[in-house]
2 protein chains.
Amino acid sequence: MTPTNVVGILGGMGPAAGADFVRLFVEACAAQMRARGLPVRDQSFPEHWLAQVPVPDRTQALGSADSGAHQPLEPMLQALGRLAALGSQAVAIACNTAHAWHAKLQERFPQVELLHMAREVARHLAAQDAGRVALMATEGTYRVRLYEQALAEAGLECHVPLAEERRVIMRGIFDGVKAGNMPLAEECFSQVALKLAERHGPVTIVMGCTEVPLGLQGSAAVAGLRLVDPAQVLADALARRAYRDVQP
Amino acid sequence: MTPTNVVGILGGMGPAAGADFVRLFVEACAAQMRARGLPVRDQSFPEHWLAQVPVPDRTQALGSADSGAHQPLEPMLQALGRLAALGSQAVAIACNTAHAWHAKLQERFPQVELLHMAREVARHLAAQDAGRVALMATEGTYRVRLYEQALAEAGLECHVPLAEERRVIMRGIFDGVKAGNMPLAEECFSQVALKLAERHGPVTIVMGCTEVPLGLQGSAAVAGLRLVDPAQVLADALARRAYRDVQP
């Protein structure tokens, strides 16, 4: 067996996005094997665990008074503790908004490297000289300025949609993907993506909620646009951690 | 939160099939919610855990002398024990061939209901009066007569491909899906499926290896054929266990 590191995925936010994250991670692992000249076979994949746990709505908690603001933290802490106990050396959270609690989660389990989706995306975009960036995300993610901060640290500016467009994104996430209505999701997301491209010219759109790529990818309406999937970037980063000690 | 049961998925055989099984399970859970008139939202999904662990090749072990025949058992036992410790009341194995060790796994962890993929498929086909059935699977699955037995118990006969066709299936599994070469997988699998349909007339083809649907589904070449995906049947069965105690 290949001497890979055990890694974990904290999902359930939502579950379809968690499942898709595992798919992306498995593909990213195959790419790591190819880069090292290893044959791609079951036994060369790292042991990995996916925890899909029910977590109260993140955006709602971030909009509520202080008493409710940390409701999502407890189930995430518990799941992360279990992923750590299973031997995970690195863990990825398959939800952008949940990163509002990243520091608190990392603080409690310092033995695990808890990847940060927005910082991974910022590094990725800075490395390819992305130019203008616009963000499609949940209200919660805008509220805590998750991407604005991470992108600013990498020297990139972040454009955000208008209030009305944000409501359309939230509709695509909740009434679309999370409720299993994919045509509605595609309609909502593509509408906003096209408006962002119209307003900002050549722009890289960060699909900063794990539900957005599920509804937008493969959509003919946005075929010409430059889209970045943070889940893909994060899955690549997690695969790099898993294969860190594997020699080419 | 909905009072669902915690369930587990034993995967890694291969990892792409494990990831796809979670996707099928999440969709099956949404169907359970709809059937009970519950809104489909993150918090109504059951807690579920996916273990993707490296397991020695199942078919190879089943073909070897006694000493190697139980090599895959140890890592599966360890992962199943951990899924049980996480609170799983029912567990599904996302690999057909691995069911050769089903009895040994179930025996060690009697507190967990370990679903049996071939028996679930047999029940499913018997309930819909499927008629003639043909099986596409690994050499290991043919060797232990996994589906032949389960289907016979349900009063159904099982046709199997010729030796040369089985070799083509194995090529599609290993050089195709597991190695990431999907066009090759589709070519191999559709070739055999068409031969089975030609030989046996109106027949339901059981895609009895989790890699087969990954390469065959959506293939235009087999558009007219009646295909059954055991992973889908098993995911539905696992979702029923998760929602067993949820009142409509």
# chains A, B, ... in the order shown; residues from 1 in each chain; ligands from 1
>>> residues_around(residues="Arg108 of chain B", least_positions_apart="4", cutoff="12 Å", atoms="only C-alpha atoms", output="list in words")
Leu73, Glu74, Met76, Leu77, Gln78, Leu80, Gly81, Ala84, Trp101, His102, Ala103, Lys104, Val112, Glu113 and Leu114 of chain B
>>> write_last_selection(atoms="N, CA, C and O atoms", output="PDB file, in the first residue's frame")
ATOM      1  N   LEU B  73     -10.423  -9.180   4.333  1.00  0.00           N
ATOM      2  CA  LEU B  73     -11.314  -9.175   5.500  1.00  0.00           C
ATOM      3  C   LEU B  73     -10.843  -8.216   6.586  1.00  0.00           C
ATOM      4  O   LEU B  73     -11.642  -7.462   7.152  1.00  0.00           O
ATOM      5  N   GLU B  74      -9.535  -8.237   6.898  1.00  0.00           N
ATOM      6  CA  GLU B  74      -9.034  -7.474   8.051  1.00  0.00           C
ATOM      7  C   GLU B  74      -9.324  -5.964   7.939  1.00  0.00           C
ATOM      8  O   GLU B  74      -9.926  -5.395   8.846  1.00  0.00           O
ATOM      9  N   MET B  76     -11.535  -4.517   6.160  1.00  0.00           N
ATOM     10  CA  MET B  76     -12.990  -4.300   6.166  1.00  0.00           C
ATOM     11  C   MET B  76     -13.544  -4.416   7.576  1.00  0.00           C
ATOM     12  O   MET B  76     -14.394  -3.624   7.993  1.00  0.00           O
ATOM     13  N   LEU B  77     -13.045  -5.402   8.332  1.00  0.00           N
ATOM     14  CA  LEU B  77     -13.481  -5.564   9.730  1.00  0.00           C
ATOM     15  C   LEU B  77     -13.154  -4.315  10.538  1.00  0.00           C
ATOM     16  O   LEU B  77     -13.972  -3.821  11.314  1.00  0.00           O
ATOM     17  N   GLN B  78     -11.941  -3.795  10.332  1.00  0.00           N
ATOM     18  CA  GLN B  78     -11.525  -2.623  11.099  1.00  0.00           C
ATOM     19  C   GLN B  78     -12.426  -1.415  10.780  1.00  0.00           C
ATOM     20  O   GLN B  78     -12.896  -0.719  11.673  1.00  0.00           O
ATOM     21  N   LEU B  80     -15.457  -1.467   9.505  1.00  0.00           N
ATOM     22  CA  LEU B  80     -16.829  -1.725   9.959  1.00  0.00           C
ATOM     23  C   LEU B  80     -16.933  -1.494  11.469  1.00  0.00           C
ATOM     24  O   LEU B  80     -17.916  -0.910  11.954  1.00  0.00           O
ATOM     25  N   GLY B  81     -15.908  -1.917  12.213  1.00  0.00           N
ATOM     26  CA  GLY B  81     -15.889  -1.689  13.658  1.00  0.00           C
ATOM     27  C   GLY B  81     -15.940  -0.204  13.983  1.00  0.00           C
ATOM     28  O   GLY B  81     -16.629   0.231  14.904  1.00  0.00           O
ATOM     29  N   ALA B  84     -19.371   1.127  13.287  1.00  0.00           N
ATOM     30  CA  ALA B  84     -20.255   0.717  14.384  1.00  0.00           C
ATOM     31  C   ALA B  84     -20.029   1.624  15.594  1.00  0.00           C
ATOM     32  O   ALA B  84     -20.980   2.104  16.220  1.00  0.00           O
ATOM     33  N   TRP B 101     -17.406 -11.738   1.773  1.00  0.00           N
ATOM     34  CA  TRP B 101     -17.062 -11.778   3.208  1.00  0.00           C
ATOM     35  C   TRP B 101     -18.213 -11.272   4.073  1.00  0.00           C
ATOM     36  O   TRP B 101     -18.017 -10.994   5.244  1.00  0.00           O
ATOM     37  N   HIS B 102     -19.405 -11.110   3.497  1.00  0.00           N
ATOM     38  CA  HIS B 102     -20.534 -10.537   4.232  1.00  0.00           C
ATOM     39  C   HIS B 102     -20.819 -11.281   5.533  1.00  0.00           C
ATOM     40  O   HIS B 102     -20.973 -10.670   6.604  1.00  0.00           O
ATOM     41  N   ALA B 103     -20.884 -12.615   5.467  1.00  0.00           N
ATOM     42  CA  ALA B 103     -21.246 -13.399   6.661  1.00  0.00           C
ATOM     43  C   ALA B 103     -20.221 -13.202   7.777  1.00  0.00           C
ATOM     44  O   ALA B 103     -20.584 -13.016   8.938  1.00  0.00           O
ATOM     45  N   LYS B 104     -18.931 -13.209   7.389  1.00  0.00           N
ATOM     46  CA  LYS B 104     -17.879 -13.033   8.400  1.00  0.00           C
ATOM     47  C   LYS B 104     -17.928 -11.638   9.033  1.00  0.00           C
ATOM     48  O   LYS B 104     -17.646 -11.465  10.219  1.00  0.00           O
ATOM     49  N   VAL B 112     -24.824  -4.361  14.337  1.00  0.00           N
ATOM     50  CA  VAL B 112     -25.061  -3.543  13.142  1.00  0.00           C
ATOM     51  C   VAL B 112     -25.824  -4.380  12.115  1.00  0.00           C
ATOM     52  O   VAL B 112     -25.509  -5.553  11.926  1.00  0.00           O
ATOM     53  N   GLU B 113     -26.815  -3.787  11.461  1.00  0.00           N
ATOM     54  CA  GLU B 113     -27.456  -4.502  10.352  1.00  0.00           C
ATOM     55  C   GLU B 113     -26.614  -4.266   9.099  1.00  0.00           C
ATOM     56  O   GLU B 113     -26.586  -3.151   8.570  1.00  0.00           O
ATOM     57  N   LEU B 114     -25.942  -5.311   8.650  1.00  0.00           N
ATOM     58  CA  LEU B 114     -25.101  -5.192   7.462  1.00  0.00           C
ATOM     59  C   LEU B 114     -25.935  -5.612   6.242  1.00  0.00           C
ATOM     60  O   LEU B 114     -26.238  -6.795   6.055  1.00  0.00           O
TER      61      LEU B 114
END
>>> select_by_dssp(residues="segment 15-222 of chain B", states="alpha helix (DSSP H)", output="short mmCIF file (atom, residue, chain, number, x, y, z; two decimals) with C-alpha atoms, in the first residue's frame")
data_model
loop_
_atom_site.label_atom_id
_atom_site.label_comp_id
_atom_site.auth_asym_id
_atom_site.auth_seq_id
_atom_site.Cartn_x
_atom_site.Cartn_y
_atom_site.Cartn_z
CA PRO B 15 -13.17 5.01 -4.16
CA ALA B 16 -15.00 6.45 -7.18
CA ALA B 17 -17.79 3.93 -6.62
CA GLY B 18 -17.85 4.82 -2.91
CA ALA B 19 -18.24 8.52 -3.73
CA ASP B 20 -21.01 7.73 -6.20
CA PHE B 21 -22.75 5.57 -3.62
CA VAL B 22 -22.98 8.57 -1.27
CA ARG B 23 -24.56 10.58 -4.09
CA LEU B 24 -27.15 7.84 -4.65
CA PHE B 25 -27.80 7.60 -0.91
CA VAL B 26 -28.33 11.37 -0.58
CA GLU B 27 -30.84 11.26 -3.46
CA ALA B 28 -32.57 8.27 -1.88
CA CYS B 29 -32.86 10.19 1.40
CA ALA B 30 -34.50 13.12 -0.40
CA ALA B 31 -37.01 10.63 -1.83
CA GLN B 32 -37.71 9.32 1.70
CA MET B 33 -38.38 12.88 2.90
CA ARG B 34 -40.74 13.56 0.02
CA ALA B 35 -42.58 10.29 0.66
CA ARG B 58 -11.19 -8.86 -3.79
CA THR B 59 -11.22 -10.93 -6.98
CA GLN B 60 -7.52 -11.71 -6.65
CA ALA B 61 -8.02 -12.92 -3.05
CA LEU B 62 -10.95 -15.13 -4.06
CA GLY B 63 -8.78 -16.77 -6.71
CA LEU B 73 -11.31 -9.17 5.50
CA GLU B 74 -9.03 -7.47 8.05
CA PRO B 75 -9.24 -3.87 6.74
CA MET B 76 -12.99 -4.30 6.17
CA LEU B 77 -13.48 -5.56 9.73
CA GLN B 78 -11.53 -2.62 11.10
CA ALA B 79 -13.51 -0.06 9.10
CA LEU B 80 -16.83 -1.72 9.96
CA GLY B 81 -15.89 -1.69 13.66
CA ARG B 82 -15.22 2.02 13.42
CA LEU B 83 -18.51 2.67 11.61
CA ALA B 84 -20.25 0.72 14.38
CA ALA B 85 -18.43 2.76 17.06
CA HIS B 102 -20.53 -10.54 4.23
CA ALA B 103 -21.25 -13.40 6.66
CA LYS B 104 -17.88 -13.03 8.40
CA LEU B 105 -18.33 -9.27 8.74
CA GLN B 106 -21.90 -9.56 10.04
CA GLU B 107 -20.92 -12.28 12.51
CA ARG B 108 -18.27 -10.07 14.13
CA MET B 117 -26.47 -6.01 -1.93
CA ALA B 118 -27.34 -9.16 -3.94
CA ARG B 119 -30.26 -10.06 -1.64
CA GLU B 120 -31.64 -6.53 -1.89
CA VAL B 121 -31.40 -6.75 -5.68
CA ALA B 122 -33.07 -10.18 -5.72
CA ARG B 123 -35.98 -8.86 -3.61
CA HIS B 124 -36.24 -5.80 -5.84
CA LEU B 125 -36.33 -7.87 -9.06
CA ALA B 126 -38.73 -10.49 -7.65
CA ALA B 127 -41.12 -7.71 -6.59
CA GLU B 139 -14.63 -12.90 -11.71
CA GLY B 140 -14.69 -12.92 -7.90
CA THR B 141 -18.43 -12.32 -7.78
CA TYR B 142 -19.06 -15.12 -10.32
CA ARG B 143 -16.72 -17.42 -8.42
CA LEU B 146 -23.13 -14.19 -5.04
CA TYR B 147 -26.01 -13.26 -7.34
CA GLU B 148 -26.81 -16.78 -8.53
CA GLN B 149 -27.59 -17.79 -4.95
CA ALA B 150 -29.52 -14.67 -3.97
CA LEU B 151 -31.54 -14.74 -7.19
CA ALA B 152 -32.25 -18.47 -6.89
CA GLU B 153 -33.60 -17.90 -3.37
CA ALA B 163 -15.44 -16.57 -20.38
CA GLU B 164 -14.19 -14.18 -23.06
CA GLU B 165 -16.92 -11.65 -22.24
CA ARG B 166 -16.02 -11.81 -18.56
CA ARG B 167 -12.46 -10.89 -19.47
CA VAL B 168 -13.80 -7.85 -21.32
CA ILE B 169 -15.77 -6.84 -18.21
CA MET B 170 -12.64 -7.15 -16.04
CA ARG B 171 -10.75 -5.00 -18.52
CA MET B 182 -13.90 6.06 -19.00
CA PRO B 183 -14.14 5.71 -22.81
CA LEU B 184 -12.47 2.29 -22.57
CA ALA B 185 -14.85 1.32 -19.75
CA GLU B 186 -17.90 2.28 -21.79
CA GLU B 187 -16.64 0.35 -24.81
CA CYS B 188 -15.98 -2.83 -22.80
CA PHE B 189 -19.22 -2.77 -20.82
CA SER B 190 -21.54 -1.87 -23.69
CA GLN B 191 -20.00 -4.58 -25.86
CA VAL B 192 -20.85 -7.27 -23.30
CA ALA B 193 -24.29 -5.83 -22.46
CA LEU B 194 -25.27 -5.91 -26.12
CA LYS B 195 -24.09 -9.52 -26.48
CA LEU B 196 -26.12 -10.58 -23.43
CA ALA B 197 -29.22 -8.91 -24.85
CA GLU B 198 -28.62 -10.53 -28.23
CA ARG B 199 -28.21 -13.99 -26.69
CA HIS B 200 -30.97 -13.92 -24.08
CA GLU B 211 -17.66 0.18 -11.43
CA VAL B 212 -19.99 -1.01 -14.21
CA PRO B 213 -22.70 1.68 -13.88
CA LEU B 214 -19.99 4.37 -13.71
CA GLY B 215 -18.90 3.34 -17.20
CA LEU B 216 -22.23 2.25 -18.67
#
>>> closest_residue(among="B:Asp229, B:Glu157, B:Asp129, B:Asp175", to="chain A", atoms="only C-alpha atoms")
B:Asp175
>>> closest_atom_pairs(of="chain B", to="chain A", cutoff="6 Å", atoms="only C-alpha atoms", output="CSV")
residue,atom,partner,partner_atom,distance
B:Gly14,CA,A:Asp42,CA,5.2
B:Ala19,CA,A:Arg23,CA,5.3
B:Val22,CA,A:Ala19,CA,5.5
B:Arg23,CA,A:Ala19,CA,5.3
B:Val40,CA,A:Ala179,CA,5.0
B:Arg41,CA,A:Lys178,CA,5.8
B:Asp42,CA,A:Gly14,CA,5.2
B:Gln43,CA,A:Pro54,CA,4.9
B:Glu47,CA,A:Val53,CA,4.6
B:His48,CA,A:Gln52,CA,5.3
B:Trp49,CA,A:Ala51,CA,4.9
B:Leu50,CA,A:Leu50,CA,4.9
B:Ala51,CA,A:Trp49,CA,4.9
B:Gln52,CA,A:His48,CA,5.3
B:Val53,CA,A:Glu47,CA,4.6
B:Pro54,CA,A:Gln43,CA,4.9
B:Lys178,CA,A:Arg41,CA,5.8
B:Ala179,CA,A:Val40,CA,5.0
>>> atom_distance(atom1="atom CA of His70 of chain B", atom2="atom CA of Asp236 of chain B")
29.1 Å
>>> atom_distance(atom1="atom CA of Ala220 of chain A", atom2="atom CA of Ile93 of chain A")
29.1 Å
>>> select_by_dssp(residues="segment 91-227 of chain B", states="strand (DSSP E)", output="ChimeraX atom specification")
/B:91-93,113-114,133-136,158-159,204-207,226-227
>>> write_last_selection(atoms="N, CA, C and O atoms", output="PDB file, in the first residue's frame")
ATOM      1  N   VAL B  91     -25.289  -0.642   7.914  1.00  0.00           N
ATOM      2  CA  VAL B  91     -24.136  -0.318   7.071  1.00  0.00           C
ATOM      3  C   VAL B  91     -24.312  -0.992   5.715  1.00  0.00           C
ATOM      4  O   VAL B  91     -24.777  -2.139   5.635  1.00  0.00           O
ATOM      5  N   ALA B  92     -23.957  -0.258   4.662  1.00  0.00           N
ATOM      6  CA  ALA B  92     -23.956  -0.816   3.311  1.00  0.00           C
ATOM      7  C   ALA B  92     -22.518  -0.905   2.826  1.00  0.00           C
ATOM      8  O   ALA B  92     -21.705  -0.021   3.118  1.00  0.00           O
ATOM      9  N   ILE B  93     -22.195  -1.975   2.097  1.00  0.00           N
ATOM     10  CA  ILE B  93     -20.862  -2.135   1.512  1.00  0.00           C
ATOM     11  C   ILE B  93     -20.951  -1.743   0.044  1.00  0.00           C
ATOM     12  O   ILE B  93     -21.694  -2.368  -0.720  1.00  0.00           O
ATOM     13  N   GLU B 113     -26.815  -3.787  11.461  1.00  0.00           N
ATOM     14  CA  GLU B 113     -27.456  -4.502  10.352  1.00  0.00           C
ATOM     15  C   GLU B 113     -26.614  -4.266   9.099  1.00  0.00           C
ATOM     16  O   GLU B 113     -26.586  -3.151   8.570  1.00  0.00           O
ATOM     17  N   LEU B 114     -25.942  -5.311   8.650  1.00  0.00           N
ATOM     18  CA  LEU B 114     -25.101  -5.192   7.462  1.00  0.00           C
ATOM     19  C   LEU B 114     -25.935  -5.612   6.242  1.00  0.00           C
ATOM     20  O   LEU B 114     -26.238  -6.795   6.055  1.00  0.00           O
ATOM     21  N   VAL B 133     -32.856 -12.682 -16.114  1.00  0.00           N
ATOM     22  CA  VAL B 133     -31.837 -11.800 -15.546  1.00  0.00           C
ATOM     23  C   VAL B 133     -30.452 -12.246 -16.018  1.00  0.00           C
ATOM     24  O   VAL B 133     -30.168 -13.448 -16.076  1.00  0.00           O
ATOM     25  N   ALA B 134     -29.607 -11.286 -16.380  1.00  0.00           N
ATOM     26  CA  ALA B 134     -28.203 -11.594 -16.704  1.00  0.00           C
ATOM     27  C   ALA B 134     -27.309 -10.724 -15.838  1.00  0.00           C
ATOM     28  O   ALA B 134     -27.704  -9.634 -15.420  1.00  0.00           O
ATOM     29  N   LEU B 135     -26.120 -11.233 -15.565  1.00  0.00           N
ATOM     30  CA  LEU B 135     -25.244 -10.574 -14.589  1.00  0.00           C
ATOM     31  C   LEU B 135     -23.913 -10.142 -15.195  1.00  0.00           C
ATOM     32  O   LEU B 135     -23.202 -10.936 -15.803  1.00  0.00           O
ATOM     33  N   MET B 136     -23.585  -8.867 -15.015  1.00  0.00           N
ATOM     34  CA  MET B 136     -22.246  -8.382 -15.356  1.00  0.00           C
ATOM     35  C   MET B 136     -21.521  -8.124 -14.048  1.00  0.00           C
ATOM     36  O   MET B 136     -21.953  -7.284 -13.254  1.00  0.00           O
ATOM     37  N   CYS B 158     -30.279 -16.852 -13.259  1.00  0.00           N
ATOM     38  CA  CYS B 158     -29.256 -15.840 -13.539  1.00  0.00           C
ATOM     39  C   CYS B 158     -28.348 -16.299 -14.676  1.00  0.00           C
ATOM     40  O   CYS B 158     -27.653 -17.301 -14.554  1.00  0.00           O
ATOM     41  N   HIS B 159     -28.382 -15.583 -15.800  1.00  0.00           N
ATOM     42  CA  HIS B 159     -27.499 -15.906 -16.918  1.00  0.00           C
ATOM     43  C   HIS B 159     -26.171 -15.171 -16.752  1.00  0.00           C
ATOM     44  O   HIS B 159     -26.157 -14.009 -16.367  1.00  0.00           O
ATOM     45  N   THR B 204     -33.130  -8.493 -18.091  1.00  0.00           N
ATOM     46  CA  THR B 204     -32.729  -7.418 -17.192  1.00  0.00           C
ATOM     47  C   THR B 204     -31.273  -7.662 -16.832  1.00  0.00           C
ATOM     48  O   THR B 204     -30.918  -8.722 -16.313  1.00  0.00           O
ATOM     49  N   ILE B 205     -30.418  -6.687 -17.133  1.00  0.00           N
ATOM     50  CA  ILE B 205     -28.990  -6.848 -16.866  1.00  0.00           C
ATOM     51  C   ILE B 205     -28.629  -6.205 -15.528  1.00  0.00           C
ATOM     52  O   ILE B 205     -28.825  -5.008 -15.330  1.00  0.00           O
ATOM     53  N   VAL B 206     -28.136  -7.030 -14.611  1.00  0.00           N
ATOM     54  CA  VAL B 206     -27.691  -6.540 -13.313  1.00  0.00           C
ATOM     55  C   VAL B 206     -26.243  -6.075 -13.435  1.00  0.00           C
ATOM     56  O   VAL B 206     -25.365  -6.865 -13.785  1.00  0.00           O
ATOM     57  N   MET B 207     -26.020  -4.790 -13.173  1.00  0.00           N
ATOM     58  CA  MET B 207     -24.658  -4.245 -13.258  1.00  0.00           C
ATOM     59  C   MET B 207     -23.984  -4.513 -11.921  1.00  0.00           C
ATOM     60  O   MET B 207     -23.817  -3.627 -11.077  1.00  0.00           O
ATOM     61  N   ARG B 226     -32.596  -2.939 -20.529  1.00  0.00           N
ATOM     62  CA  ARG B 226     -33.100  -2.791 -19.168  1.00  0.00           C
ATOM     63  C   ARG B 226     -31.950  -3.080 -18.207  1.00  0.00           C
ATOM     64  O   ARG B 226     -31.523  -4.230 -18.081  1.00  0.00           O
ATOM     65  N   LEU B 227     -31.440  -2.038 -17.560  1.00  0.00           N
ATOM     66  CA  LEU B 227     -30.283  -2.179 -16.675  1.00  0.00           C
ATOM     67  C   LEU B 227     -30.715  -1.941 -15.231  1.00  0.00           C
ATOM     68  O   LEU B 227     -31.523  -1.053 -14.962  1.00  0.00           O
TER      69      LEU B 227
END
>>> atom_distance(atom1="atom CA of Ala221 of chain B", atom2="atom CA of Val233 of chain B")
23.2 Å
>>> residues_around(residues="Asn5 of chain B", least_positions_apart="2", cutoff="8 Å", atoms="only C-alpha atoms", output="number ranges by chain")
B: 3, 7, 46-47, 88-89, 241-245
>>> write_last_selection(atoms="all heavy atoms", output="tab-separated table (two decimals), in the first residue's frame")
chain	number	residue	atom	x	y	z
B	3	PRO	N	-35.71	12.62	13.55
B	3	PRO	CA	-35.16	11.49	14.33
B	3	PRO	C	-34.77	10.32	13.45
B	3	PRO	O	-35.36	9.24	13.51
B	3	PRO	CB	-36.32	11.12	15.25
B	3	PRO	CG	-37.55	11.48	14.45
B	3	PRO	CD	-37.17	12.65	13.59
B	7	VAL	N	-26.32	5.91	9.85
B	7	VAL	CA	-25.94	4.77	9.01
B	7	VAL	C	-24.53	4.97	8.46
B	7	VAL	O	-24.00	6.08	8.48
B	7	VAL	CB	-26.94	4.55	7.83
B	7	VAL	CG1	-28.33	4.25	8.35
B	7	VAL	CG2	-26.94	5.73	6.88
B	46	PRO	N	-30.13	12.08	7.50
B	46	PRO	CA	-29.57	11.34	8.61
B	46	PRO	C	-28.05	11.56	8.69
B	46	PRO	O	-27.41	11.81	7.67
B	46	PRO	CB	-29.84	9.88	8.24
B	46	PRO	CG	-29.90	9.88	6.75
B	46	PRO	CD	-30.45	11.22	6.33
B	47	GLU	N	-27.53	11.47	9.89
B	47	GLU	CA	-26.08	11.46	10.03
B	47	GLU	C	-25.57	10.21	9.33
B	47	GLU	O	-26.10	9.11	9.52
B	47	GLU	CB	-25.70	11.39	11.52
B	47	GLU	CG	-24.21	11.34	11.75
B	47	GLU	CD	-23.86	11.35	13.25
B	47	GLU	OE1	-24.56	11.98	14.05
B	47	GLU	OE2	-22.86	10.69	13.60
B	88	SER	N	-23.40	3.72	13.83
B	88	SER	CA	-24.17	3.26	12.68
B	88	SER	C	-25.08	2.09	13.07
B	88	SER	O	-24.61	1.11	13.64
B	88	SER	CB	-23.24	2.78	11.55
B	88	SER	OG	-22.35	3.80	11.20
B	89	GLN	N	-26.34	2.18	12.75
B	89	GLN	CA	-27.26	1.09	13.03
B	89	GLN	C	-27.35	0.14	11.84
B	89	GLN	O	-27.65	-1.04	12.00
B	89	GLN	CB	-28.63	1.64	13.37
B	89	GLN	CG	-28.55	2.52	14.61
B	89	GLN	CD	-29.90	2.79	15.20
B	89	GLN	OE1	-30.88	2.12	14.89
B	89	GLN	NE2	-29.97	3.79	16.06
B	241	ARG	N	-33.65	2.29	5.91
B	241	ARG	CA	-33.23	2.01	7.29
B	241	ARG	C	-33.06	3.31	8.07
B	241	ARG	O	-33.42	3.40	9.24
B	241	ARG	CB	-31.91	1.23	7.33
B	241	ARG	CG	-31.88	-0.10	6.62
B	241	ARG	CD	-33.00	-1.02	6.98
B	241	ARG	NE	-32.80	-2.38	6.50
B	241	ARG	CZ	-33.03	-2.82	5.25
B	241	ARG	NH1	-33.48	-1.99	4.31
B	241	ARG	NH2	-32.82	-4.09	4.94
B	242	ALA	N	-32.48	4.32	7.42
B	242	ALA	CA	-32.21	5.60	8.11
B	242	ALA	C	-33.51	6.28	8.53
B	242	ALA	O	-33.58	6.92	9.58
B	242	ALA	CB	-31.39	6.51	7.21
B	243	TYR	N	-34.58	6.13	7.73
B	243	TYR	CA	-35.84	6.83	8.00
B	243	TYR	C	-36.90	5.92	8.63
B	243	TYR	O	-38.05	6.31	8.74
B	243	TYR	CB	-36.40	7.45	6.71
B	243	TYR	CG	-35.62	8.68	6.32
B	243	TYR	CD1	-34.46	8.58	5.56
B	243	TYR	CD2	-36.02	9.94	6.75
B	243	TYR	CE1	-33.71	9.70	5.23
B	243	TYR	CE2	-35.29	11.07	6.42
B	243	TYR	CZ	-34.14	10.94	5.67
B	243	TYR	OH	-33.41	12.06	5.36
B	244	ARG	N	-36.49	4.70	9.02
B	244	ARG	CA	-37.45	3.72	9.53
B	244	ARG	C	-38.33	4.27	10.64
B	244	ARG	O	-39.52	4.00	10.69
B	244	ARG	CB	-36.69	2.47	10.02
B	244	ARG	CG	-37.60	1.35	10.46
B	244	ARG	CD	-36.82	0.05	10.61
B	244	ARG	NE	-35.47	0.30	11.12
B	244	ARG	CZ	-34.48	-0.59	11.02
B	244	ARG	NH1	-34.68	-1.77	10.45
B	244	ARG	NH2	-33.29	-0.32	11.51
B	245	ASP	N	-37.75	5.07	11.54
B	245	ASP	CA	-38.51	5.53	12.70
B	245	ASP	C	-39.10	6.93	12.52
B	245	ASP	O	-39.56	7.55	13.48
B	245	ASP	CB	-37.62	5.50	13.95
B	245	ASP	CG	-37.03	4.11	14.16
B	245	ASP	OD1	-37.74	3.12	13.91
B	245	ASP	OD2	-35.85	4.01	14.56
